[in-house]
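**Student:** Quick one: structure below, then a few questions.
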There are 2 protein chains.
Amino acid sequence: MELTNSGVNVRGFSCAGWRKGKYGVAMVLSDVEVNCAISVTSNRVKAAPLLVSLDHVKMGKIRGVVANSGNANAYTGVGGVQDAKEMCAFAAGKLRLAAENFLVASTGIIGRRLDMDIVKEGINFVSENLSSSSKASLEAAKAIMTTDTTPKMISVKTSLKDGTTVEIGAIAKGSGMIAPKLHATMLCFITTDAYVPKDKIKKILANSIDQSFNMTVVDGDTSTNDFVALLANGMAGNKDVDDNFVEALNFVTREIAKKIARDGEGATKTIKVKILKAANLEDARKAARTVVGSNLVKASIYGEDLNWGRIIAALGYCGAEFEPEKLSISINGFRLVDKGRVLAIPGTQEFDKAKKSLKKSEVEISVELNSGNASATAYGCDLTPEYVKINSGYTT
Amino acid sequence: MELTNSGVNVRGFSCAGWRKGKYGVAMVLSDVEVNCAISVTSNRVKAAPLLVSLDHVKMGKIRGVVANSGNANAYTGVGGVQDAKEMCAFAAGKLRLAAENFLVASTGIIGRRLDMDIVKEGINFVSENLSSSSKASLEAAKAIMTTDTTPKMISVKTSLKDGTTVEIGAIAKGSGMIAPKLHATMLCFITTDAYVPKDKIKKILANSIDQSFNMTVVDGDTSTNDFVALLANGMAGNKDVDDNFVEALNFVTREIAKKIARDGEGATKTIKVKILKAANLEDARKAARTVVGSNLVKASIYGEDLNWGRIIAALGYCGAEFEPEKLSISINGFRLVDKGRVLAIPGTQEFDKAKKSLKKSEVEISVELNSGNASATAYGCDLTPEYVKINSGYTT
């Protein structure tokens, strides 16, 4: 597996991005119909474009995605659904395609109707400027940003066991409103030239999401608009996918998840929480997500304050099974608690070294629950005064 | 029912408080043995004093409480349990009582052993300075403060249906680490001169907590040390309690819960969320707690930003049943959404009036789910840059 420079523009794909003020429009298009899976928010309130995309996936003739930032088209009623359909139809009209060839996604403020004049201006631009360059992929990534400070894009090549080389690429947005079980206000469009059988693609995407986006926590709030799509156009000519494909896809989604955590609103540090020796996978994931999502853990890491008692408190309320007196906890490789014995006593060398290590921009918390053999890793960021400032005036 | 000035010093009780730097010690004592119920954190990691208190309650000879602030005595192993027992024994020795006459509670940093010299200095002082004055109750409330900015105390008198007048008083601490299901790092000691039958007291306290502390959210983190005790010494002479007692107790716990929400770390505004017409009580409570606990809702209220879409998003992920198109939402009495129809469109009078009302220091969000007849209210506060600052350097 090696990194490439294509972004979503792997073989047989083209894309474009456009911005105007808070609004942005992106399009990703395959030269041929794709096999496709999407995963949308678990929020009971699902944005209009998600409903339309779910319908279009069922029709089975997907060619691409059209997406806008600046307005979520969520809680916009019947009119909002019409707007989302119109986005597909308008894009299709420009390219002599059918509306149902498009998936549609939106991100931005909830509860307001789209400004369709601006959105159409953007669709006009992107449909006339499709390109298969790496630069075009970056423009598309930029077009879907909201509070993101950096565009998010990655691509990798890998060899399948039958010798075929396939490529997987992705663009994504996401920085606030990120929580497990809906990879919140995040959009991620993944493309590949691999052939992925229809009866496998949904499961492969779901499993990949479980170990990446569902393990990323920025603020515990879960969006109405989360949307991940995997478009596989089969142009690599393989007959099936294998573990190498799965591994490469998991790498792509995990790297995107980490980029999102790194770009958490106002974040100054990333936090990685590894839970080892849990009773089962669900416990491991629950514990990892709870620790990485705890406001108090996040704030103490922002302050470079070695308050590891908060890790214990978070483990205690996460619902995972463990015996407190069997816990081991390390930070950045420094052992703080060893099978229940506290090593990090203020004044000791262990304490000072561990505290000093919190100055790093990446903090790794490792916990052994010592109640089984399952493990999981979650990604997040610190909680800063800047996060509050960003989120106290989002609409204005 | 009328407010009184006694605090925990209702008939037959005395108390005292002492402080030295970060440490504080409080004692509350009844002249006679009490009927007693306690409720402790649901966190899997329970602080040592809670384990000792649970044992002592079983022995059934409680006279009072000894408590310290400055150190939680949590995750301190066998030595921590010995320290908690020693707090009871030392207090008992001073007053010619038995160790099992005392409940014991602690609040402060997790994972460090108590400085028993300081704690004993405090116990010496309080056991020699017990007083039944209102001032003493205030000193006891001050002694258990950590990041609290104000001491929390209340008392009320009410008449039972048999004509007896009874009084209920409470002192409490709590400002950060507050979350449902464990009224987090909160201590609350409630006293009454009413006789409360042993077979009822636990249930009455549990129900009262469900509608007060369990509906208060500051930061979603749940402590290892939460502790609520109800001590009833029976000196009022009543034969049983009735609805009037329950009503007065619920008033006391709700007012304390509101004081805690108002004193949320760094808070500038209190938030009250009323959920009406929910399918059932559990849904109503879940929805109220989720909205009042959402970082994004809290941050937008801090910024006086009318971003009501975040309320919709929080309702959508809380797990309660409702049809999005039947929702009604008001803020401070201004209707924003009426049965799914959006009224709060920027530029309209409704929007401007509602936005202006966010300048108030108390914000009330009212939601009709229109899927049943249950209702619930939750209490919280805004999320501010100051909250992060307070929690980024707690240990240092």
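In the structure tokens, each chain is lettered A, B, ... as it comes, each chain's residues begin at 1, and ligands are numbered from 1 in order of appearance.
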Pairing the C-alpha atoms in order across the whole chain, superpose chain B onto chain A by least squares and write the result as a short mmCIF file (atom, residue, chain, number, x, y, z; two decimals) with C-alpha atoms, in the first residue's frame.
**Tutor:**
```cif
data_model
loop_
_atom_site.label_atom_id
_atom_site.label_comp_id
_atom_site.auth_asym_id
_atom_site.auth_seq_id
_atom_site.Cartn_x
_atom_site.Cartn_y
_atom_site.Cartn_z
CA MET B 1 0.01 0.00 0.02
CA GLU B 2 1.38 3.42 -0.88
CA LEU B 3 0.07 6.97 -0.65
CA THR B 4 -0.83 8.64 -3.96
CA ASN B 5 -1.75 12.15 -4.95
CA SER B 6 -5.11 11.58 -6.64
CA GLY B 7 -7.59 12.42 -3.91
CA VAL B 8 -11.02 11.32 -5.21
CA ASN B 9 -9.74 11.49 -8.77
CA VAL B 10 -8.75 7.84 -9.04
CA ARG B 11 -9.10 6.20 -12.48
CA GLY B 12 -12.39 7.08 -14.15
CA PHE B 13 -13.39 9.87 -11.76
CA SER B 14 -13.39 13.64 -12.14
CA CYS B 15 -14.50 16.40 -9.80
CA ALA B 16 -14.67 20.14 -9.17
CA GLY B 17 -15.22 22.61 -6.33
CA TRP B 18 -16.60 26.14 -6.11
CA ARG B 19 -17.01 28.64 -3.28
CA LYS B 20 -18.88 31.89 -2.70
CA GLY B 21 -18.92 33.30 0.86
CA LYS B 22 -20.33 30.70 3.25
CA TYR B 23 -21.66 28.59 0.36
CA GLY B 24 -19.65 26.01 -1.51
CA VAL B 25 -20.54 23.35 -4.09
CA ALA B 26 -18.60 20.19 -4.94
CA MET B 27 -19.20 17.50 -7.52
CA VAL B 28 -17.54 14.09 -7.90
CA LEU B 29 -18.42 12.06 -10.99
CA SER B 30 -17.54 8.64 -12.34
CA ASP B 31 -17.28 8.01 -16.11
CA VAL B 32 -19.49 4.95 -15.63
CA GLU B 33 -22.13 3.78 -13.17
CA VAL B 34 -20.72 2.63 -9.85
CA ASN B 35 -21.51 0.07 -7.20
CA CYS B 36 -22.25 2.20 -4.22
CA ALA B 37 -22.95 2.16 -0.48
CA ILE B 38 -23.86 5.08 1.73
CA SER B 39 -24.11 5.49 5.47
CA VAL B 40 -26.13 8.35 6.92
CA THR B 41 -26.65 9.86 10.36
CA SER B 42 -28.45 7.90 13.07
CA ASN B 43 -30.10 11.16 14.15
CA ARG B 44 -33.91 10.91 14.09
CA VAL B 45 -33.93 14.20 12.21
CA LYS B 46 -32.31 13.39 8.87
CA ALA B 47 -31.55 16.22 6.49
CA ALA B 48 -33.48 16.30 3.22
CA PRO B 49 -30.51 15.43 0.95
CA LEU B 50 -29.95 12.20 2.92
CA LEU B 51 -33.52 11.09 2.27
CA VAL B 52 -33.13 11.81 -1.44
CA SER B 53 -29.74 10.02 -1.55
CA LEU B 54 -31.17 6.93 0.15
CA ASP B 55 -33.88 6.81 -2.55
CA HIS B 56 -31.38 7.21 -5.36
CA VAL B 57 -29.10 4.48 -4.00
CA LYS B 58 -32.07 2.09 -4.11
CA MET B 59 -32.53 2.86 -7.82
CA GLY B 60 -28.99 1.57 -8.38
CA LYS B 61 -27.75 3.94 -11.09
CA ILE B 62 -25.34 6.20 -9.20
CA ARG B 63 -22.66 8.07 -11.13
CA GLY B 64 -21.61 10.74 -8.65
CA VAL B 65 -22.27 13.18 -5.83
CA VAL B 66 -23.30 16.82 -5.73
CA ALA B 67 -22.87 18.54 -2.36
CA ASN B 68 -23.09 21.99 -0.84
CA SER B 69 -21.74 23.66 2.28
CA GLY B 70 -23.21 26.75 4.00
CA ASN B 71 -26.68 25.35 4.66
CA ALA B 72 -27.59 21.88 5.92
CA ASN B 73 -31.02 21.72 4.24
CA ALA B 74 -32.15 20.00 7.47
CA TYR B 75 -35.53 20.47 9.13
CA THR B 76 -36.75 22.19 5.99
CA GLY B 77 -39.84 20.06 5.37
CA VAL B 78 -41.27 19.08 2.00
CA GLY B 79 -39.72 22.16 0.38
CA GLY B 80 -36.28 21.02 1.52
CA VAL B 81 -36.74 17.62 -0.11
CA GLN B 82 -37.79 19.36 -3.33
CA ASP B 83 -34.64 21.50 -3.15
CA ALA B 84 -32.42 18.42 -2.70
CA LYS B 85 -34.12 16.71 -5.66
CA GLU B 86 -33.71 19.89 -7.69
CA MET B 87 -29.95 19.90 -6.92
CA CYS B 88 -29.70 16.43 -8.48
CA ALA B 89 -31.97 17.27 -11.42
CA PHE B 90 -30.18 20.53 -12.15
CA ALA B 91 -26.75 18.84 -12.04
CA ALA B 92 -28.07 16.01 -14.22
CA GLY B 93 -29.52 18.47 -16.75
CA LYS B 94 -26.15 20.13 -17.13
CA LEU B 95 -24.46 16.79 -17.86
CA ARG B 96 -27.19 14.97 -19.80
CA LEU B 97 -27.67 12.53 -16.95
CA ALA B 98 -30.72 11.56 -14.89
CA ALA B 99 -31.42 13.02 -11.43
CA GLU B 100 -31.18 9.56 -9.88
CA ASN B 101 -27.55 9.29 -11.07
CA PHE B 102 -26.64 11.69 -8.25
CA LEU B 103 -26.24 11.40 -4.55
CA VAL B 104 -26.73 14.71 -2.75
CA ALA B 105 -25.35 15.98 0.57
CA SER B 106 -25.35 19.26 2.49
CA THR B 107 -23.66 20.75 5.55
CA GLY B 108 -24.16 24.04 7.41
CA ILE B 109 -26.89 25.67 9.43
CA ILE B 110 -30.04 23.72 10.32
CA GLY B 111 -33.60 24.93 9.80
CA ARG B 112 -33.26 27.30 6.88
CA ARG B 113 -34.15 26.77 3.22
CA LEU B 114 -31.30 26.67 0.72
CA ASP B 115 -30.61 29.71 -1.40
CA MET B 116 -31.15 27.79 -4.64
CA ASP B 117 -29.89 30.63 -6.84
CA ILE B 118 -26.48 30.42 -5.20
CA VAL B 119 -26.49 26.62 -5.19
CA LYS B 120 -27.35 26.53 -8.90
CA GLU B 121 -24.62 29.05 -9.65
CA GLY B 122 -22.22 26.62 -7.96
CA ILE B 123 -23.59 23.58 -9.79
CA ASN B 124 -23.24 25.45 -13.08
CA PHE B 125 -19.60 26.08 -12.32
CA VAL B 126 -18.63 22.61 -11.11
CA SER B 127 -20.42 20.76 -13.91
CA GLU B 128 -18.56 22.88 -16.47
CA ASN B 129 -15.19 22.52 -14.75
CA LEU B 130 -14.88 18.82 -13.99
CA SER B 131 -11.26 17.74 -14.05
CA SER B 132 -9.35 14.62 -13.11
CA SER B 133 -6.40 16.54 -11.67
CA SER B 134 -5.20 16.33 -8.07
CA LYS B 135 -5.82 20.06 -7.81
CA ALA B 136 -9.49 19.59 -8.67
CA SER B 137 -9.84 17.09 -5.84
CA LEU B 138 -8.39 19.64 -3.45
CA GLU B 139 -10.84 22.28 -4.74
CA ALA B 140 -13.72 19.85 -4.15
CA ALA B 141 -12.45 19.21 -0.61
CA LYS B 142 -12.27 22.97 -0.01
CA ALA B 143 -15.80 23.50 -1.34
CA ILE B 144 -17.39 21.36 1.41
CA MET B 145 -15.54 22.99 4.34
CA THR B 146 -17.53 24.89 7.01
CA THR B 147 -15.60 25.55 10.25
CA ASP B 148 -12.83 23.25 9.00
CA THR B 149 -9.46 24.97 8.92
CA THR B 150 -7.91 22.58 6.40
CA PRO B 151 -9.27 20.58 3.46
CA LYS B 152 -9.18 16.81 4.00
CA MET B 153 -8.06 14.50 1.22
CA ILE B 154 -6.15 11.25 0.91
CA SER B 155 -5.56 8.44 -1.58
CA VAL B 156 -3.68 5.14 -1.59
CA LYS B 157 -2.80 2.39 -4.06
CA THR B 158 -2.68 -1.25 -3.09
CA SER B 159 -2.30 -4.62 -4.85
CA LEU B 160 -5.00 -7.22 -4.55
CA LYS B 161 -3.95 -10.87 -4.17
CA ASP B 162 -4.89 -11.48 -7.84
CA GLY B 163 -2.23 -8.95 -8.86
CA THR B 164 -4.58 -6.09 -9.78
CA THR B 165 -3.57 -2.64 -8.56
CA VAL B 166 -6.48 -0.62 -7.20
CA GLU B 167 -6.67 2.90 -5.84
CA ILE B 168 -8.92 4.35 -3.13
CA GLY B 169 -9.35 8.10 -2.60
CA ALA B 170 -11.43 10.32 -0.37
CA ILE B 171 -12.32 13.91 0.40
CA ALA B 172 -14.06 14.88 3.63
CA LYS B 173 -15.19 17.72 5.83
CA GLY B 174 -15.76 17.68 9.57
CA SER B 175 -14.59 19.52 12.61
CA GLY B 176 -17.41 20.25 15.07
CA MET B 177 -20.53 18.31 16.03
CA ILE B 178 -18.54 15.10 15.79
CA ALA B 179 -19.75 12.13 17.82
CA PRO B 180 -19.87 8.40 17.57
CA LYS B 181 -22.65 6.66 15.69
CA LEU B 182 -23.00 9.27 13.08
CA HIS B 183 -19.62 10.68 12.29
CA ALA B 184 -21.30 13.98 12.90
CA THR B 185 -21.66 16.88 10.48
CA MET B 186 -19.10 15.04 8.54
CA LEU B 187 -19.23 14.36 4.86
CA CYS B 188 -16.87 11.85 3.30
CA PHE B 189 -16.89 10.82 -0.34
CA ILE B 190 -14.74 7.78 -1.09
CA THR B 191 -13.97 6.67 -4.63
CA THR B 192 -12.21 3.59 -5.95
CA ASP B 193 -11.48 2.04 -9.33
CA ALA B 194 -11.84 -1.39 -7.74
CA TYR B 195 -14.85 -3.55 -8.53
CA VAL B 196 -16.63 -4.14 -5.22
CA PRO B 197 -19.49 -6.66 -5.48
CA LYS B 198 -22.93 -5.27 -4.68
CA ASP B 199 -23.55 -7.89 -2.01
CA LYS B 200 -20.40 -6.90 -0.11
CA ILE B 201 -20.03 -3.14 -0.49
CA LYS B 202 -22.47 -2.10 2.25
CA LYS B 203 -20.92 -4.37 4.87
CA ILE B 204 -17.35 -3.41 3.94
CA LEU B 205 -18.19 0.30 4.28
CA ALA B 206 -20.08 -0.21 7.56
CA ASN B 207 -17.19 -2.14 9.12
CA SER B 208 -14.72 0.47 7.97
CA ILE B 209 -16.84 3.27 9.52
CA ASP B 210 -17.05 1.37 12.82
CA GLN B 211 -13.28 1.47 13.28
CA SER B 212 -12.79 5.05 12.08
CA PHE B 213 -15.56 7.68 12.05
CA ASN B 214 -17.53 5.96 14.81
CA MET B 215 -14.39 6.14 16.99
CA THR B 216 -13.93 9.90 16.51
CA VAL B 217 -15.35 12.31 19.06
CA VAL B 218 -15.07 16.05 18.96
CA ASP B 219 -17.99 17.24 21.02
CA GLY B 220 -20.52 14.49 21.54
CA ASP B 221 -23.17 16.28 19.52
CA THR B 222 -24.47 14.31 16.59
CA SER B 223 -25.47 15.94 13.36
CA THR B 224 -28.54 15.69 11.17
CA ASN B 225 -26.39 15.56 8.03
CA ASP B 226 -23.62 12.97 8.34
CA PHE B 227 -23.00 11.21 5.11
CA VAL B 228 -20.35 8.75 3.93
CA ALA B 229 -20.42 7.32 0.44
CA LEU B 230 -18.25 4.69 -1.24
CA LEU B 231 -18.36 4.75 -5.05
CA ALA B 232 -16.66 1.84 -6.80
CA ASN B 233 -16.50 2.06 -10.61
CA GLY B 234 -14.74 -1.25 -11.26
CA MET B 235 -12.36 0.13 -13.88
CA ALA B 236 -9.39 -1.73 -12.34
CA GLY B 237 -10.87 -4.94 -13.73
CA ASN B 238 -10.60 -7.10 -10.59
CA LYS B 239 -13.21 -9.86 -10.13
CA ASP B 240 -13.59 -9.45 -6.37
CA VAL B 241 -12.04 -7.64 -3.42
CA ASP B 242 -9.97 -9.21 -0.67
CA ASP B 243 -8.37 -8.34 2.69
CA ASN B 244 -5.87 -6.03 1.01
CA PHE B 245 -8.72 -3.83 -0.24
CA VAL B 246 -10.37 -3.81 3.17
CA GLU B 247 -7.08 -2.91 4.81
CA ALA B 248 -6.52 -0.02 2.39
CA LEU B 249 -10.10 1.25 2.81
CA ASN B 250 -9.76 1.07 6.60
CA PHE B 251 -6.51 3.01 6.37
CA VAL B 252 -8.24 5.70 4.28
CA THR B 253 -11.22 6.10 6.63
CA ARG B 254 -8.98 6.05 9.72
CA GLU B 255 -6.66 8.70 8.30
CA ILE B 256 -9.66 10.89 7.39
CA ALA B 257 -11.04 10.36 10.92
CA LYS B 258 -7.71 11.46 12.39
CA LYS B 259 -7.64 14.53 10.15
CA ILE B 260 -11.11 15.43 11.43
CA ALA B 261 -10.04 14.96 15.05
CA ARG B 262 -6.91 17.07 14.43
CA ASP B 263 -9.15 19.79 12.97
CA GLY B 264 -11.61 19.68 15.89
CA GLU B 265 -12.99 23.18 16.42
CA GLY B 266 -10.47 25.20 18.42
CA ALA B 267 -8.30 22.16 19.11
CA THR B 268 -4.62 22.58 19.99
CA LYS B 269 -3.83 18.89 20.56
CA THR B 270 -5.02 15.54 19.28
CA ILE B 271 -5.84 12.78 21.73
CA LYS B 272 -5.64 9.08 20.95
CA VAL B 273 -7.13 6.67 23.48
CA LYS B 274 -6.18 3.00 23.25
CA ILE B 275 -8.18 0.54 25.34
CA LEU B 276 -6.49 -2.83 25.73
CA LYS B 277 -7.57 -6.12 27.32
CA ALA B 278 -11.27 -5.25 27.51
CA ALA B 279 -13.89 -7.94 28.11
CA ASN B 280 -15.24 -7.52 24.57
CA LEU B 281 -15.06 -5.24 21.54
CA GLU B 282 -18.16 -3.25 22.50
CA ASP B 283 -16.67 -2.50 25.94
CA ALA B 284 -13.34 -1.50 24.41
CA ARG B 285 -15.02 0.89 21.98
CA LYS B 286 -17.34 2.34 24.63
CA ALA B 287 -14.44 2.98 27.00
CA ALA B 288 -12.24 4.54 24.31
CA ARG B 289 -15.00 6.85 23.10
CA THR B 290 -16.03 7.88 26.61
CA VAL B 291 -12.49 8.81 27.69
CA VAL B 292 -11.71 10.68 24.45
CA GLY B 293 -15.08 12.49 24.68
CA SER B 294 -14.95 13.55 28.34
CA ASN B 295 -15.05 17.35 28.64
CA LEU B 296 -12.96 17.14 31.81
CA VAL B 297 -10.27 14.89 30.30
CA LYS B 298 -10.18 17.12 27.20
CA ALA B 299 -9.91 20.33 29.24
CA SER B 300 -7.10 18.97 31.43
CA ILE B 301 -5.11 17.94 28.35
CA TYR B 302 -5.59 21.43 26.93
CA GLY B 303 -4.13 22.74 30.21
CA GLU B 304 -1.30 20.16 30.17
CA ASP B 305 -2.50 19.19 33.64
CA LEU B 306 -1.78 15.59 34.66
CA ASN B 307 -5.21 15.00 36.19
CA TRP B 308 -5.43 11.28 35.40
CA GLY B 309 -8.16 10.78 38.00
CA ARG B 310 -10.54 12.10 35.37
CA ILE B 311 -9.60 9.20 33.10
CA ILE B 312 -10.55 6.85 35.95
CA ALA B 313 -13.84 8.69 36.49
CA ALA B 314 -14.67 8.45 32.76
CA LEU B 315 -13.85 4.73 32.70
CA GLY B 316 -16.07 4.33 35.74
CA TYR B 317 -19.16 5.76 34.06
CA CYS B 318 -18.64 4.42 30.52
CA GLY B 319 -20.44 1.18 31.27
CA ALA B 320 -17.56 -1.18 30.42
CA GLU B 321 -16.78 -4.05 32.77
CA PHE B 322 -13.56 -3.91 34.77
CA GLU B 323 -12.18 -4.11 38.28
CA PRO B 324 -10.82 -0.70 39.32
CA GLU B 325 -7.96 -2.34 41.24
CA LYS B 326 -6.72 -4.12 38.08
CA LEU B 327 -6.46 -1.02 35.85
CA SER B 328 -3.22 0.13 34.26
CA ILE B 329 -2.94 3.59 32.70
CA SER B 330 -0.14 5.20 30.70
CA ILE B 331 0.16 8.61 29.09
CA ASN B 332 2.61 9.01 26.21
CA GLY B 333 4.27 5.79 27.32
CA PHE B 334 4.69 6.82 30.96
CA ARG B 335 3.00 4.44 33.39
CA LEU B 336 0.75 6.31 35.81
CA VAL B 337 -1.17 3.40 37.33
CA ASP B 338 0.03 -0.19 37.27
CA LYS B 339 -2.63 -2.82 38.04
CA GLY B 340 -4.27 -0.49 40.49
CA ARG B 341 -1.04 0.76 42.04
CA VAL B 342 -0.64 4.53 41.64
CA LEU B 343 2.84 5.43 40.36
CA ALA B 344 2.15 9.03 39.30
CA ILE B 345 2.43 10.63 42.70
CA PRO B 346 3.29 14.35 42.58
CA GLY B 347 6.96 14.84 43.35
CA THR B 348 8.05 11.57 41.73
CA GLN B 349 10.07 11.38 38.51
CA GLU B 350 7.26 9.41 36.79
CA PHE B 351 4.82 12.20 37.51
CA ASP B 352 7.13 14.97 36.29
CA LYS B 353 8.08 13.12 33.08
CA ALA B 354 4.47 12.29 32.27
CA LYS B 355 3.39 15.86 32.96
CA LYS B 356 6.15 17.25 30.76
CA SER B 357 5.08 14.92 27.93
CA LEU B 358 1.67 16.65 27.83
CA LYS B 359 3.38 19.55 26.05
CA LYS B 360 3.38 17.41 22.90
CA SER B 361 0.73 18.16 20.28
CA GLU B 362 -0.30 14.49 20.21
CA VAL B 363 -1.28 12.86 23.47
CA GLU B 364 -1.75 9.11 23.70
CA ILE B 365 -3.67 7.62 26.60
CA SER B 366 -3.36 3.86 26.95
CA VAL B 367 -5.52 1.87 29.36
CA GLU B 368 -5.40 -1.84 30.16
CA LEU B 369 -8.73 -2.91 31.63
CA ASN B 370 -7.33 -6.41 32.27
CA SER B 371 -10.70 -8.07 31.92
CA GLY B 372 -10.33 -9.77 28.51
CA ASN B 373 -8.60 -9.58 25.14
CA ALA B 374 -10.46 -6.96 23.10
CA SER B 375 -8.97 -3.62 22.11
CA ALA B 376 -10.06 -0.40 20.39
CA THR B 377 -8.70 3.05 19.62
CA ALA B 378 -10.58 6.35 19.59
CA TYR B 379 -9.51 9.73 18.25
CA GLY B 380 -10.33 13.18 19.56
CA CYS B 381 -8.94 16.53 20.54
CA ASP B 382 -8.64 18.85 23.52
CA LEU B 383 -11.40 21.23 24.66
CA THR B 384 -10.31 24.85 24.45
CA PRO B 385 -11.76 28.29 25.11
CA GLU B 386 -11.56 28.72 21.32
CA TYR B 387 -14.03 25.84 20.79
CA VAL B 388 -16.60 27.73 22.83
CA LYS B 389 -15.93 30.97 20.98
CA ILE B 390 -16.36 29.29 17.58
CA ASN B 391 -19.63 27.69 18.64
CA SER B 392 -21.13 30.67 20.42
CA GLY B 393 -21.60 32.68 17.24
CA TYR B 394 -21.96 30.18 14.43
CA THR B 395 -25.09 31.62 12.78
CA THR B 396 -24.20 35.28 13.02
#
```
**Student:** DSSP on the backbone: what in region 42-128 of chain A comes out strand (DSSP E), as a short mmCIF file (atom, residue, chain, number, x, y, z; two decimals) with N, CA and C atoms, in the first residue's frame?
**Tutor:**
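result-v7.cif, freshly written:
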```
data_model
loop_
_atom_site.label_atom_id
_atom_site.label_comp_id
_atom_site.auth_asym_id
_atom_site.auth_seq_id
_atom_site.Cartn_x
_atom_site.Cartn_y
_atom_site.Cartn_z
N GLY A 64 -22.43 9.79 -9.41
CA GLY A 64 -21.62 10.76 -8.66
C GLY A 64 -22.37 11.41 -7.51
N VAL A 65 -21.73 12.44 -6.98
CA VAL A 65 -22.27 13.17 -5.82
C VAL A 65 -22.25 14.66 -6.12
N VAL A 66 -23.34 15.35 -5.73
CA VAL A 66 -23.30 16.81 -5.72
C VAL A 66 -23.57 17.25 -4.28
N ALA A 67 -22.77 18.18 -3.78
CA ALA A 67 -22.87 18.54 -2.36
C ALA A 67 -22.69 20.03 -2.19
N ASN A 68 -23.33 20.57 -1.14
CA ASN A 68 -23.09 21.99 -0.84
C ASN A 68 -22.75 22.17 0.62
N SER A 69 -21.98 23.21 0.91
CA SER A 69 -21.76 23.66 2.28
C SER A 69 -22.44 25.00 2.45
N GLY A 70 -22.62 25.44 3.71
CA GLY A 70 -23.22 26.76 3.99
C GLY A 70 -24.64 26.65 4.51
N ASN A 71 -25.31 25.55 4.20
CA ASN A 71 -26.69 25.34 4.64
C ASN A 71 -26.95 23.85 4.62
N PHE A 102 -27.37 10.92 -9.26
CA PHE A 102 -26.63 11.68 -8.26
C PHE A 102 -27.04 11.37 -6.82
N LEU A 103 -26.04 11.26 -6.00
CA LEU A 103 -26.23 11.40 -4.56
C LEU A 103 -26.16 12.88 -4.25
N VAL A 104 -26.78 13.30 -3.12
CA VAL A 104 -26.73 14.71 -2.76
C VAL A 104 -26.50 14.82 -1.25
N ALA A 105 -25.68 15.79 -0.85
CA ALA A 105 -25.35 15.98 0.57
C ALA A 105 -25.20 17.47 0.84
N SER A 106 -25.47 17.85 2.10
CA SER A 106 -25.36 19.26 2.49
C SER A 106 -24.78 19.36 3.89
N THR A 107 -24.16 20.49 4.19
CA THR A 107 -23.66 20.75 5.55
C THR A 107 -23.72 22.25 5.81
N GLY A 108 -24.07 22.61 7.05
CA GLY A 108 -24.17 24.02 7.40
C GLY A 108 -25.26 24.22 8.42
N ILE A 109 -25.91 25.37 8.40
CA ILE A 109 -26.90 25.68 9.42
C ILE A 109 -28.20 24.88 9.20
#
```
**Student:** Identify all residues of region 76-145 of chain B in alpha helix (DSSP H) (DSSP on the backbone) and supply them as number ranges by chain.
**Tutor:** B: 77-94, 116-128, 134-143
